$ cat upload.pdb   # PDB, C-alpha atoms
MODEL        1
ATOM      1  CA  MET A   1      40.614 -35.162 -11.485
ATOM      2  CA  ILE A   2      39.462 -38.708 -10.942
ATOM      3  CA  ARG A   3      39.915 -41.762 -13.150
ATOM      4  CA  TYR A   4      37.225 -44.385 -13.315
ATOM      5  CA  THR A   5      37.367 -47.812 -14.861
ATOM      6  CA  LEU A   6      34.081 -48.137 -16.745
ATOM      7  CA  LYS A   7      32.209 -51.091 -18.257
ATOM      8  CA  CYS A   8      29.509 -51.032 -20.927
ATOM      9  CA  ASP A   9      26.531 -53.363 -21.364
ATOM     10  CA  GLU A  10      28.555 -55.229 -24.018
ATOM     11  CA  ASN A  11      31.152 -55.986 -21.275
ATOM     12  CA  HIS A  12      33.894 -53.741 -22.750
ATOM     13  CA  SER A  13      36.169 -52.214 -20.112
ATOM     14  CA  PHE A  14      37.880 -48.821 -20.478
ATOM     15  CA  ASP A  15      39.205 -45.958 -18.354
ATOM     16  CA  SER A  16      38.176 -42.316 -18.432
ATOM     17  CA  TRP A  17      39.052 -39.179 -16.479
ATOM     18  CA  PHE A  18      36.471 -36.825 -14.945
ATOM     19  CA  GLN A  19      36.729 -33.516 -13.109
ATOM     20  CA  ASN A  20      35.172 -35.118 -10.024
ATOM     21  CA  ALA A  21      32.571 -37.722  -9.019
ATOM     22  CA  ASP A  22      29.685 -35.270  -9.510
ATOM     23  CA  ALA A  23      30.855 -34.470 -13.036
ATOM     24  CA  PHE A  24      30.803 -38.186 -13.881
ATOM     25  CA  ASP A  25      27.262 -38.539 -12.489
ATOM     26  CA  ARG A  26      26.007 -35.485 -14.448
ATOM     27  CA  LEU A  27      27.596 -36.631 -17.713
ATOM     28  CA  LEU A  28      26.290 -40.175 -17.292
ATOM     29  CA  ALA A  29      22.755 -38.934 -16.538
ATOM     30  CA  SER A  30      22.782 -36.704 -19.632
ATOM     31  CA  GLY A  31      23.889 -39.606 -21.869
ATOM     32  CA  MET A  32      27.276 -38.070 -22.632
ATOM     33  CA  VAL A  33      29.336 -41.059 -21.441
ATOM     34  CA  SER A  34      29.663 -43.850 -23.977
ATOM     35  CA  CYS A  35      31.852 -46.885 -24.524
ATOM     36  CA  THR A  36      35.091 -46.051 -26.325
ATOM     37  CA  ILE A  37      34.978 -49.415 -28.093
ATOM     38  CA  CYS A  38      31.377 -49.883 -29.269
ATOM     39  CA  GLY A  39      29.732 -46.525 -28.518
ATOM     40  CA  SER A  40      27.095 -47.979 -26.200
ATOM     41  CA  ALA A  41      25.562 -45.498 -23.759
ATOM     42  CA  GLY A  42      24.888 -48.307 -21.263
ATOM     43  CA  VAL A  43      27.935 -47.535 -19.129
ATOM     44  CA  GLU A  44      28.561 -48.030 -15.427
ATOM     45  CA  LYS A  45      31.510 -47.865 -13.065
ATOM     46  CA  ALA A  46      33.427 -51.122 -12.823
ATOM     47  CA  ILE A  47      34.882 -52.440  -9.585
ATOM     48  CA  MET A  48      38.284 -50.839  -9.088
ATOM     49  CA  ALA A  49      41.158 -51.527  -6.734
ATOM     50  CA  PRO A  50      42.300 -48.412  -4.876
ATOM     51  CA  ARG A  51      45.692 -46.956  -5.743
ATOM     52  CA  VAL A  52      47.737 -46.726  -2.572
ATOM     53  CA  ARG A  53      51.023 -44.871  -2.605
ATOM     54  CA  PRO A  54      53.748 -45.374  -0.018
ATOM     55  CA  ALA A  55      54.340 -42.502   2.394
ATOM     56  CA  ARG A  56      56.176 -39.617   0.731
ATOM     57  CA  ASN A  57      58.624 -39.298   3.585
ATOM     58  CA  LYS A  58      59.664 -42.952   3.538
ATOM     59  CA  ALA A  59      63.407 -42.977   2.979
ATOM     60  CA  VAL A  60      64.802 -45.458   0.464
ATOM     61  CA  GLN A  61      67.714 -47.373   1.903
ATOM     62  CA  SER A  62      70.909 -46.995  -0.135
ATOM     63  CA  SER A  63      71.227 -50.794  -0.334
ATOM     64  CA  GLU A  64      67.772 -51.129  -1.907
ATOM     65  CA  LYS A  65      67.577 -51.577  -5.648
ATOM     66  CA  PRO A  66      65.018 -49.533  -7.582
ATOM     67  CA  HIS A  67      61.812 -51.521  -8.028
ATOM     68  CA  VAL A  68      60.855 -52.850 -11.426
ATOM     69  CA  GLY A  69      59.120 -50.167 -13.420
ATOM     70  CA  ALA A  70      60.806 -47.233 -11.656
ATOM     71  CA  LEU A  71      60.309 -44.083 -13.719
ATOM     72  CA  SER A  72      64.042 -43.334 -13.505
ATOM     73  CA  GLN A  73      64.814 -46.512 -15.457
ATOM     74  CA  PRO A  74      64.107 -47.081 -19.185
ATOM     75  CA  ALA A  75      61.054 -49.327 -19.484
ATOM     76  CA  SER A  76      61.758 -50.937 -22.839
ATOM     77  CA  PRO A  77      64.621 -51.652 -25.250
ATOM     78  CA  ALA A  78      63.473 -48.672 -27.357
ATOM     79  CA  GLU A  79      63.663 -46.349 -24.355
ATOM     80  CA  GLN A  80      67.104 -47.774 -23.514
ATOM     81  CA  ALA A  81      68.281 -47.062 -27.070
ATOM     82  CA  VAL A  82      66.970 -43.469 -26.921
ATOM     83  CA  ALA A  83      68.625 -42.964 -23.516
ATOM     84  CA  GLU A  84      71.952 -44.212 -24.903
ATOM     85  CA  LEU A  85      71.600 -42.038 -28.031
ATOM     86  CA  ARG A  86      70.882 -39.013 -25.846
ATOM     87  CA  ARG A  87      73.902 -39.724 -23.633
ATOM     88  CA  LYS A  88      76.208 -39.962 -26.665
ATOM     89  CA  ILE A  89      74.846 -36.827 -28.352
ATOM     90  CA  GLU A  90      75.018 -34.746 -25.170
ATOM     91  CA  GLU A  91      78.550 -36.016 -24.502
ATOM     92  CA  LYS A  92      79.820 -34.940 -27.942
ATOM     93  CA  SER A  93      77.832 -31.712 -28.424
ATOM     94  CA  GLU A  94      77.762 -28.225 -26.983
ATOM     95  CA  ASN A  95      74.378 -27.197 -25.608
ATOM     96  CA  VAL A  96      73.742 -23.649 -26.822
ATOM     97  CA  GLY A  97      70.235 -23.516 -25.347
ATOM     98  CA  ASP A  98      67.848 -20.973 -26.839
ATOM     99  CA  ASN A  99      70.615 -19.617 -29.106
ATOM    100  CA  PHE A 100      70.485 -22.721 -31.293
ATOM    101  CA  ALA A 101      69.102 -21.084 -34.451
ATOM    102  CA  SER A 102      71.515 -18.142 -34.444
ATOM    103  CA  GLU A 103      74.493 -20.363 -33.551
ATOM    104  CA  ALA A 104      73.635 -22.926 -36.279
ATOM    105  CA  ARG A 105      73.367 -20.094 -38.808
ATOM    106  CA  ALA A 106      76.705 -18.605 -37.649
ATOM    107  CA  ILE A 107      78.436 -21.991 -37.984
ATOM    108  CA  HIS A 108      76.925 -22.498 -41.447
ATOM    109  CA  ASP A 109      78.012 -18.991 -42.554
ATOM    110  CA  GLY A 110      81.545 -19.500 -41.186
ATOM    111  CA  ASP A 111      81.136 -16.833 -38.488
ATOM    112  CA  ALA A 112      81.528 -19.343 -35.638
ATOM    113  CA  PRO A 113      83.795 -22.387 -35.234
ATOM    114  CA  GLU A 114      82.408 -25.617 -36.683
ATOM    115  CA  ARG A 115      81.236 -28.003 -33.969
ATOM    116  CA  ALA A 116      78.308 -30.210 -32.971
ATOM    117  CA  ILE A 117      75.635 -28.228 -31.145
ATOM    118  CA  ILE A 118      72.298 -28.976 -29.538
ATOM    119  CA  GLY A 119      69.695 -26.582 -28.234
ATOM    120  CA  GLU A 120      66.191 -25.305 -28.749
ATOM    121  CA  ALA A 121      64.555 -23.387 -31.568
ATOM    122  CA  THR A 122      61.038 -22.291 -32.324
ATOM    123  CA  PRO A 123      59.299 -24.187 -35.138
ATOM    124  CA  GLU A 124      59.548 -21.049 -37.299
ATOM    125  CA  ALA A 125      63.297 -20.689 -36.680
ATOM    126  CA  ALA A 126      63.910 -24.388 -37.423
ATOM    127  CA  LYS A 127      61.890 -24.127 -40.658
ATOM    128  CA  SER A 128      63.916 -21.080 -41.703
ATOM    129  CA  LEU A 129      67.185 -22.956 -41.104
ATOM    130  CA  ILE A 130      65.987 -25.898 -43.210
ATOM    131  CA  GLU A 131      64.769 -23.605 -46.018
ATOM    132  CA  ASP A 132      68.206 -21.963 -46.062
ATOM    133  CA  GLY A 133      69.917 -25.362 -46.457
ATOM    134  CA  ILE A 134      71.305 -25.495 -42.915
ATOM    135  CA  PRO A 135      71.237 -29.131 -41.741
ATOM    136  CA  VAL A 136      69.282 -29.517 -38.501
ATOM    137  CA  ALA A 137      67.252 -32.357 -37.035
ATOM    138  CA  PRO A 138      64.843 -32.658 -34.091
ATOM    139  CA  LEU A 139      65.918 -34.923 -31.261
ATOM    140  CA  PRO A 140      63.541 -37.569 -29.850
ATOM    141  CA  TRP A 141      63.359 -36.178 -26.325
ATOM    142  CA  PHE A 142      62.208 -33.130 -24.418
ATOM    143  CA  SER A 143      64.517 -30.562 -22.852
ATOM    144  CA  ARG A 144      65.547 -30.811 -19.237
ATOM    145  CA  LYS A 145      64.045 -27.421 -18.406
ATOM    146  CA  SER A 146      61.882 -27.511 -15.325
ATOM    147  CA  ASN A 147      58.598 -25.683 -14.852
TER     148      ASN A 147
ENDMDL
END
$ encode --input "upload.pdb" --output "structure tokens"
Amino acid sequence: MIRYTLKCDENHSFDSWFQNADAFDRLLASGMVSCTICGSAGVEKAIMAPRVRPARNKAVQSSEKPHVGALSQPASPAEQAVAELRRKIEEKSENVGDNFASEARAIHDGDAPERAIIGEATPEAAKSLIEDGIPVAPLPWFSRKSN
């Protein structure tokens, strides 16, 4: 995949992704690339600065501070608030993983000890819990499962 910064004949600038350079050329020639702002088909590549990444094997010194905008750091006050909320919820809850729906139902029915739990449920299982009057709520973050 390749991202191009494009400019239309009305001087609007926008970015778009293409499978490769040839795909961009074919789509442009067939009139299938248009400005996302005004719809003009008079589009061309704009001058772009190359993205240069540091070497992957460059070791970060332990005395170095993470640079501004590091992905490991919250980028905004809203992200900081969500990170703090997540920390507090995970600290005070038991993660039951994929058993969330059955464990929530067991707690509601009195078959398991009452406690705060977090975990994952399919949309159908979550809907069933709600329809049965079992209080559940989605959390504003994704699981930590890796691919």
$ resolve_selection --input "upload.pdb" --expression "the PyMOL selection byres ((chain A and resi 40) around 12)" --output "PyMOL selection string"
chain A and resi 6-13+28+31-39+41-44
$ residues_near_point --input "upload.pdb" --point "(67.9, -25.1, -26.2)" --cutoff "8 Å" --atoms "only C-alpha atoms" --output "PyMOL selection string"
chain A and resi 95-100+118-121+143
$ write_last_selection --input "upload.pdb" --atoms "C-alpha atoms" --output "tab-separated table (two decimals), in the coordinates of the input"
chain	number	residue	atom	x	y	z
A	95	ASN	CA	74.38	-27.20	-25.61
A	96	VAL	CA	73.74	-23.65	-26.82
A	97	GLY	CA	70.24	-23.52	-25.35
A	98	ASP	CA	67.85	-20.97	-26.84
A	99	ASN	CA	70.61	-19.62	-29.11
A	100	PHE	CA	70.48	-22.72	-31.29
A	118	ILE	CA	72.30	-28.98	-29.54
A	119	GLY	CA	69.69	-26.58	-28.23
A	120	GLU	CA	66.19	-25.30	-28.75
A	121	ALA	CA	64.56	-23.39	-31.57
A	143	SER	CA	64.52	-30.56	-22.85
$ closest_residue --input "upload.pdb" --among "A:Asp15, A:Glu91, A:Glu79, A:Glu114" --to "Trp141 in chain A" --atoms "all atoms listed in the file"
A:Glu79
$ atom_distance --input "upload.pdb" --atom1 "CA of Pro123 in chain A" --atom2 "CA of Ala101 in chain A"
10.3 Å
$ closest_residue --input "upload.pdb" --among "A:Glu103, A:Lys92, A:Leu139, A:Ile130" --to "Ala116 in chain A" --atoms "all atoms listed in the file"
A:Lys92
$ resolve_selection --input "upload.pdb" --expression "the PyMOL selection byres ((chain A and resi 16) around 7)" --output "ChimeraX atom specification"
/A:3-5,14-15,17-18
$ write_last_selection --input "upload.pdb" --atoms "C-alpha atoms" --output "mmCIF file, keeping the file's coordinate frame"
data_model
loop_
_atom_site.group_PDB
_atom_site.id
_atom_site.type_symbol
_atom_site.label_atom_id
_atom_site.label_comp_id
_atom_site.auth_asym_id
_atom_site.auth_seq_id
_atom_site.Cartn_x
_atom_site.Cartn_y
_atom_site.Cartn_z
ATOM 1 C CA ARG A 3 39.915 -41.762 -13.150
ATOM 2 C CA TYR A 4 37.225 -44.385 -13.315
ATOM 3 C CA THR A 5 37.367 -47.812 -14.861
ATOM 4 C CA PHE A 14 37.880 -48.821 -20.478
ATOM 5 C CA ASP A 15 39.205 -45.958 -18.354
ATOM 6 C CA TRP A 17 39.052 -39.179 -16.479
ATOM 7 C CA PHE A 18 36.471 -36.825 -14.945
#
$ atom_distance --input "upload.pdb" --atom1 "CA of Pro138 in chain A" --atom2 "CA of Ala83 in chain A"
15.2 Å
$ atom_distance --input "upload.pdb" --atom1 "CA of Met48 in chain A" --atom2 "CA of Ala29 in chain A"
20.9 Å
$ closest_residue --input "upload.pdb" --among "A:Leu85, A:Ala46, A:Val52, A:Ala137" --to "Ile117 in chain A" --atoms "all atoms listed in the file"
A:Ala137
$ resolve_selection --input "upload.pdb" --expression "the PyMOL selection byres ((chain A and resi 1) around 6)" --output "ChimeraX atom specification"
/A:2,18-20
$ closest_residue --input "upload.pdb" --among "A:Ile107, A:Ala112, A:Ala125, A:Ala78" --to "Pro140 in chain A" --atoms "only C-alpha atoms"
A:Ala78
$ decode --input "upload.pdb" --residues "range 71-108 of chain A" --atoms "N, CA and C atoms" --output "mmCIF file, in the first residue's frame"
data_model
loop_
_atom_site.group_PDB
_atom_site.id
_atom_site.type_symbol
_atom_site.label_atom_id
_atom_site.label_comp_id
_atom_site.auth_asym_id
_atom_site.auth_seq_id
_atom_site.Cartn_x
_atom_site.Cartn_y
_atom_site.Cartn_z
ATOM 1 N N LEU A 71 3.624 6.565 20.777
ATOM 2 C CA LEU A 71 2.360 5.827 20.807
ATOM 3 C C LEU A 71 2.082 5.223 22.174
ATOM 4 N N SER A 72 3.105 5.026 23.002
ATOM 5 C CA SER A 72 2.899 4.449 24.322
ATOM 6 C C SER A 72 2.341 5.462 25.316
ATOM 7 N N GLN A 73 2.286 6.722 24.943
ATOM 8 C CA GLN A 73 1.797 7.772 25.819
ATOM 9 C C GLN A 73 0.443 8.286 25.322
ATOM 10 N N PRO A 74 -0.513 8.567 26.250
ATOM 11 C CA PRO A 74 -1.782 9.157 25.812
ATOM 12 C C PRO A 74 -1.530 10.479 25.107
ATOM 13 N N ALA A 75 -2.236 10.714 24.005
ATOM 14 C CA ALA A 75 -1.990 11.888 23.176
ATOM 15 C C ALA A 75 -2.844 13.087 23.560
ATOM 16 N N SER A 76 -3.905 12.872 24.310
ATOM 17 C CA SER A 76 -4.798 13.978 24.626
ATOM 18 C C SER A 76 -5.363 13.784 26.029
ATOM 19 N N PRO A 77 -5.972 14.824 26.604
ATOM 20 C CA PRO A 77 -6.598 14.664 27.914
ATOM 21 C C PRO A 77 -7.678 13.574 27.920
ATOM 22 N N ALA A 78 -8.403 13.425 26.803
ATOM 23 C CA ALA A 78 -9.431 12.376 26.738
ATOM 24 C C ALA A 78 -8.786 10.996 26.811
ATOM 25 N N GLU A 79 -7.695 10.805 26.066
ATOM 26 C CA GLU A 79 -7.000 9.519 26.124
ATOM 27 C C GLU A 79 -6.425 9.273 27.509
ATOM 28 N N GLN A 80 -5.939 10.322 28.182
ATOM 29 C CA GLN A 80 -5.425 10.170 29.541
ATOM 30 C C GLN A 80 -6.540 9.744 30.486
ATOM 31 N N ALA A 81 -7.731 10.332 30.324
ATOM 32 C CA ALA A 81 -8.864 9.974 31.176
ATOM 33 C C ALA A 81 -9.281 8.528 30.949
ATOM 34 N N VAL A 82 -9.305 8.077 29.697
ATOM 35 C CA VAL A 82 -9.666 6.684 29.391
ATOM 36 C C VAL A 82 -8.610 5.741 29.963
ATOM 37 N N ALA A 83 -7.334 6.106 29.850
ATOM 38 C CA ALA A 83 -6.262 5.267 30.386
ATOM 39 C C ALA A 83 -6.393 5.140 31.902
ATOM 40 N N GLU A 84 -6.713 6.228 32.579
ATOM 41 C CA GLU A 84 -6.895 6.196 34.031
ATOM 42 C C GLU A 84 -8.128 5.377 34.413
ATOM 43 N N LEU A 85 -9.227 5.543 33.666
ATOM 44 C CA LEU A 85 -10.436 4.753 33.907
ATOM 45 C C LEU A 85 -10.135 3.273 33.736
ATOM 46 N N ARG A 86 -9.421 2.928 32.684
ATOM 47 C CA ARG A 86 -9.069 1.524 32.445
ATOM 48 C C ARG A 86 -8.238 0.974 33.593
ATOM 49 N N ARG A 87 -7.233 1.729 34.033
ATOM 50 C CA ARG A 87 -6.375 1.289 35.131
ATOM 51 C C ARG A 87 -7.201 0.995 36.379
ATOM 52 N N LYS A 88 -8.132 1.904 36.709
ATOM 53 C CA LYS A 88 -8.953 1.725 37.912
ATOM 54 C C LYS A 88 -9.886 0.522 37.786
ATOM 55 N N ILE A 89 -10.518 0.366 36.631
ATOM 56 C CA ILE A 89 -11.440 -0.759 36.437
ATOM 57 C C ILE A 89 -10.691 -2.084 36.496
ATOM 58 N N GLU A 90 -9.548 -2.168 35.808
ATOM 59 C CA GLU A 90 -8.787 -3.414 35.809
ATOM 60 C C GLU A 90 -8.235 -3.738 37.188
ATOM 61 N N GLU A 91 -7.924 -2.706 37.973
ATOM 62 C CA GLU A 91 -7.400 -2.894 39.322
ATOM 63 C C GLU A 91 -8.458 -3.474 40.266
ATOM 64 N N LYS A 92 -9.721 -3.098 40.059
ATOM 65 C CA LYS A 92 -10.793 -3.481 40.981
ATOM 66 C C LYS A 92 -11.700 -4.590 40.452
ATOM 67 N N SER A 93 -11.363 -5.175 39.295
ATOM 68 C CA SER A 93 -12.216 -6.183 38.685
ATOM 69 C C SER A 93 -11.438 -7.456 38.400
ATOM 70 N N GLU A 94 -12.177 -8.551 38.310
ATOM 71 C CA GLU A 94 -11.582 -9.823 37.917
ATOM 72 C C GLU A 94 -11.833 -10.023 36.431
ATOM 73 N N ASN A 95 -10.776 -10.284 35.677
ATOM 74 C CA ASN A 95 -10.920 -10.527 34.247
ATOM 75 C C ASN A 95 -11.263 -11.995 34.047
ATOM 76 N N VAL A 96 -12.488 -12.248 33.570
ATOM 77 C CA VAL A 96 -12.942 -13.621 33.350
ATOM 78 C C VAL A 96 -12.841 -14.015 31.885
ATOM 79 N N GLY A 97 -12.256 -13.148 31.061
ATOM 80 C CA GLY A 97 -12.007 -13.458 29.663
ATOM 81 C C GLY A 97 -13.262 -13.768 28.873
ATOM 82 N N ASP A 98 -13.195 -14.848 28.096
ATOM 83 C CA ASP A 98 -14.313 -15.239 27.234
ATOM 84 C C ASP A 98 -15.501 -15.801 28.014
ATOM 85 N N ASN A 99 -15.344 -16.032 29.305
ATOM 86 C CA ASN A 99 -16.433 -16.567 30.128
ATOM 87 C C ASN A 99 -17.320 -15.466 30.710
ATOM 88 N N PHE A 100 -17.184 -14.252 30.191
ATOM 89 C CA PHE A 100 -17.898 -13.122 30.772
ATOM 90 C C PHE A 100 -19.407 -13.345 30.846
ATOM 91 N N ALA A 101 -20.025 -13.737 29.746
ATOM 92 C CA ALA A 101 -21.488 -13.869 29.716
ATOM 93 C C ALA A 101 -21.969 -14.905 30.725
ATOM 94 N N SER A 102 -21.347 -16.071 30.747
ATOM 95 C CA SER A 102 -21.796 -17.114 31.682
ATOM 96 C C SER A 102 -21.511 -16.718 33.125
ATOM 97 N N GLU A 103 -20.385 -16.046 33.376
ATOM 98 C CA GLU A 103 -20.060 -15.626 34.743
ATOM 99 C C GLU A 103 -20.997 -14.507 35.206
ATOM 100 N N ALA A 104 -21.320 -13.552 34.326
ATOM 101 C CA ALA A 104 -22.262 -12.480 34.691
ATOM 102 C C ALA A 104 -23.632 -13.064 35.014
ATOM 103 N N ARG A 105 -24.064 -14.040 34.222
ATOM 104 C CA ARG A 105 -25.354 -14.688 34.464
ATOM 105 C C ARG A 105 -25.337 -15.457 35.794
ATOM 106 N N ALA A 106 -24.229 -16.151 36.084
ATOM 107 C CA ALA A 106 -24.113 -16.900 37.340
ATOM 108 C C ALA A 106 -24.131 -15.963 38.545
ATOM 109 N N ILE A 107 -23.467 -14.827 38.443
ATOM 110 C CA ILE A 107 -23.479 -13.844 39.538
ATOM 111 C C ILE A 107 -24.891 -13.314 39.719
ATOM 112 N N HIS A 108 -25.553 -12.969 38.635
ATOM 113 C CA HIS A 108 -26.920 -12.438 38.693
ATOM 114 C C HIS A 108 -27.881 -13.455 39.314
#
